[in-house]
Amino acid sequence: LTVLTWGKTVAECNDQGEPTALTEDMYPSRAPLAGFIALRQLEDAVVRLRSERLESCVVGCGLLVGLGEDLFYPLFLDAWLQRPVKLPGNTPGQNTLPLLSALDLGRLLTALEAAPHLVKPYLLAVSCQCTLRGVARLVSAALGTGAVDLAPLPGDLCASGQLG
């Protein structure tokens, strides 16, 4: 379904005070963003359906990229048209985006179908993690001038609620 049902989950800190990665085993304690409470309830219902006679699994997939998804469309368009010359990036650039290739999701689902008895009740599917600033830099380098401004991102990307 989506990793946004984990949007408000607080990670524990290690000995150095750095947050540890969230794991699939932590799914019972996940805390969703406000708009994803019903989706979390649906995920819980799917997990409760698991029995000896019925295999079920929730796949919490990252933000899909790679097959024409329009999540980063404003960045690609601005870079291609070079408007502005410096591609906008977010101010601190510290938010990590859990990205998932749509092809990787297809491969995962195919593997799950082949061996359902080996599957955990909840799987997190993320191909890579990078910051929004990192995405802006990559897009600008590939299609634009290579420059990134630290101004807020276009409203289409953040205000839409797609990124939480």
# chains A, B, ... in the order shown; residues from 1 in each chain; ligands from 1
$ select_by_dssp --residues "region 14-95 of chain A" --states "strand (DSSP E)" --output "list of chain:residue names"
A:Val58, A:Val59, A:Gly60, A:Cys61, A:Leu63, A:Leu64, A:Val65, A:Leu87, A:Pro88
$ residues_around --residues "region 58-75 of chain A" --least-positions-apart "6" --cutoff "9 Å" --atoms "only C-alpha atoms" --output "compact mmCIF listing (two decimals) with N, CA and C atoms, in the first residue's frame"
# COMPACT_ATOMS: atom_id res chain seq x y z
N LEU A 1 0.83 -1.18 0.00
CA LEU A 1 0.00 0.00 0.00
C LEU A 1 0.88 1.24 0.00
N THR A 2 1.26 1.78 1.13
CA THR A 2 2.10 2.97 1.15
C THR A 2 2.88 3.06 2.44
N VAL A 3 4.05 3.68 2.37
CA VAL A 3 4.83 3.90 3.59
C VAL A 3 4.30 5.10 4.37
N LEU A 4 3.32 5.82 3.83
CA LEU A 4 2.79 6.98 4.54
C LEU A 4 1.96 6.57 5.77
N THR A 5 1.65 5.28 5.89
CA THR A 5 1.02 4.82 7.14
C THR A 5 2.07 4.76 8.25
N TRP A 6 3.32 5.03 7.92
CA TRP A 6 4.42 5.10 8.89
C TRP A 6 4.84 6.55 9.12
N GLU A 43 -4.77 -1.94 6.33
CA GLU A 43 -3.58 -2.80 6.43
C GLU A 43 -3.70 -3.76 7.61
N ASP A 44 -4.14 -3.25 8.76
CA ASP A 44 -4.31 -4.10 9.93
C ASP A 44 -5.32 -5.22 9.68
N VAL A 46 -6.01 -6.60 6.79
CA VAL A 46 -5.38 -7.59 5.90
C VAL A 46 -4.45 -8.51 6.69
N VAL A 47 -3.68 -7.94 7.61
CA VAL A 47 -2.77 -8.76 8.42
C VAL A 47 -3.57 -9.72 9.30
N LEU A 87 17.33 25.21 -10.19
CA LEU A 87 16.17 24.39 -9.85
C LEU A 87 15.88 24.50 -8.35
N PRO A 88 14.61 24.71 -7.97
CA PRO A 88 14.30 24.85 -6.54
C PRO A 88 14.55 23.55 -5.79
N LEU A 97 13.36 10.53 1.48
CA LEU A 97 12.25 10.00 0.69
C LEU A 97 12.47 8.52 0.44
N PRO A 98 11.51 7.68 0.81
CA PRO A 98 11.64 6.24 0.52
C PRO A 98 11.15 5.97 -0.90
N LEU A 99 12.05 5.91 -1.85
CA LEU A 99 11.68 5.72 -3.25
C LEU A 99 11.68 4.24 -3.61
N LEU A 100 10.79 3.89 -4.52
CA LEU A 100 10.70 2.50 -4.99
C LEU A 100 10.49 2.50 -6.49
N SER A 101 11.33 1.79 -7.19
CA SER A 101 11.16 1.62 -8.62
C SER A 101 9.90 0.79 -8.86
N ALA A 102 9.08 1.25 -9.79
CA ALA A 102 7.86 0.52 -10.13
C ALA A 102 8.20 -0.88 -10.63
N LEU A 103 9.32 -1.02 -11.33
CA LEU A 103 9.74 -2.35 -11.81
C LEU A 103 10.12 -3.25 -10.63
N LEU A 105 8.88 -3.05 -7.63
CA LEU A 105 7.63 -3.45 -6.99
C LEU A 105 7.00 -4.62 -7.74
N LEU A 109 6.26 -8.34 -6.08
CA LEU A 109 4.94 -8.96 -6.05
C LEU A 109 4.93 -10.31 -6.75
N LYS A 120 6.45 -12.52 5.35
CA LYS A 120 6.05 -11.92 6.63
C LYS A 120 4.70 -11.25 6.44
N PRO A 121 4.00 -10.94 7.53
CA PRO A 121 2.70 -10.27 7.38
C PRO A 121 2.81 -8.86 6.84
N TYR A 122 3.95 -8.20 7.05
CA TYR A 122 4.12 -6.82 6.58
C TYR A 122 5.52 -6.68 5.99
N LEU A 123 5.60 -6.15 4.78
CA LEU A 123 6.89 -5.93 4.13
C LEU A 123 7.04 -4.47 3.77
N LEU A 124 8.21 -3.91 4.03
CA LEU A 124 8.53 -2.57 3.56
C LEU A 124 9.32 -2.71 2.26
N ALA A 125 8.87 -2.03 1.23
CA ALA A 125 9.54 -2.12 -0.07
C ALA A 125 10.06 -0.74 -0.46
N VAL A 126 11.38 -0.59 -0.37
CA VAL A 126 12.03 0.67 -0.71
C VAL A 126 13.30 0.33 -1.49
N SER A 127 13.46 0.93 -2.68
CA SER A 127 14.65 0.69 -3.48
C SER A 127 15.83 1.52 -3.00
N CYS A 128 15.57 2.79 -2.70
CA CYS A 128 16.63 3.68 -2.25
C CYS A 128 16.02 4.81 -1.43
N VAL A 135 17.29 14.67 -4.99
CA VAL A 135 16.53 14.46 -6.23
C VAL A 135 16.62 15.70 -7.11
N ALA A 136 16.45 16.89 -6.51
CA ALA A 136 16.53 18.14 -7.28
C ALA A 136 17.90 18.29 -7.93
N VAL A 139 18.15 15.77 -10.93
CA VAL A 139 17.34 16.22 -12.06
C VAL A 139 17.97 17.44 -12.72
N SER A 140 18.44 18.39 -11.92
CA SER A 140 19.06 19.58 -12.46
C SER A 140 20.33 19.24 -13.24
N LEU A 153 10.16 24.16 -2.59
CA LEU A 153 9.76 23.50 -3.83
C LEU A 153 8.45 24.06 -4.37
N PRO A 154 8.16 23.86 -5.65
CA PRO A 154 6.88 24.30 -6.21
C PRO A 154 5.71 23.70 -5.43
N ASP A 156 3.00 22.39 -6.28
CA ASP A 156 2.42 21.16 -6.81
C ASP A 156 2.99 19.94 -6.12
N LEU A 157 4.24 20.00 -5.70
CA LEU A 157 4.89 18.83 -5.14
C LEU A 157 4.59 18.65 -3.66
N GLN A 162 1.28 14.83 -1.53
CA GLN A 162 1.89 13.59 -2.01
C GLN A 162 3.10 13.20 -1.20
N LEU A 163 3.80 14.19 -0.66
CA LEU A 163 5.01 13.89 0.09
C LEU A 163 4.81 13.98 1.58
$ select_by_dssp --residues "chain A" --states "alpha helix (DSSP H)" --output "ChimeraX atom specification"
/A:37-48,73-81,102-114,132-143,155-158
$ closest_residue --among "A:Thr96, A:Ser56, A:Asp78, A:Leu49" --to "Gln129 (chain A)" --atoms "only C-alpha atoms"
A:Thr96
$ residues_around --residues "Ala11 (chain A)" --least-positions-apart "5" --cutoff "8 Å" --atoms "only C-alpha atoms" --output "list in words"
Pro19, Thr20, Ala21 and Leu22 of chain A
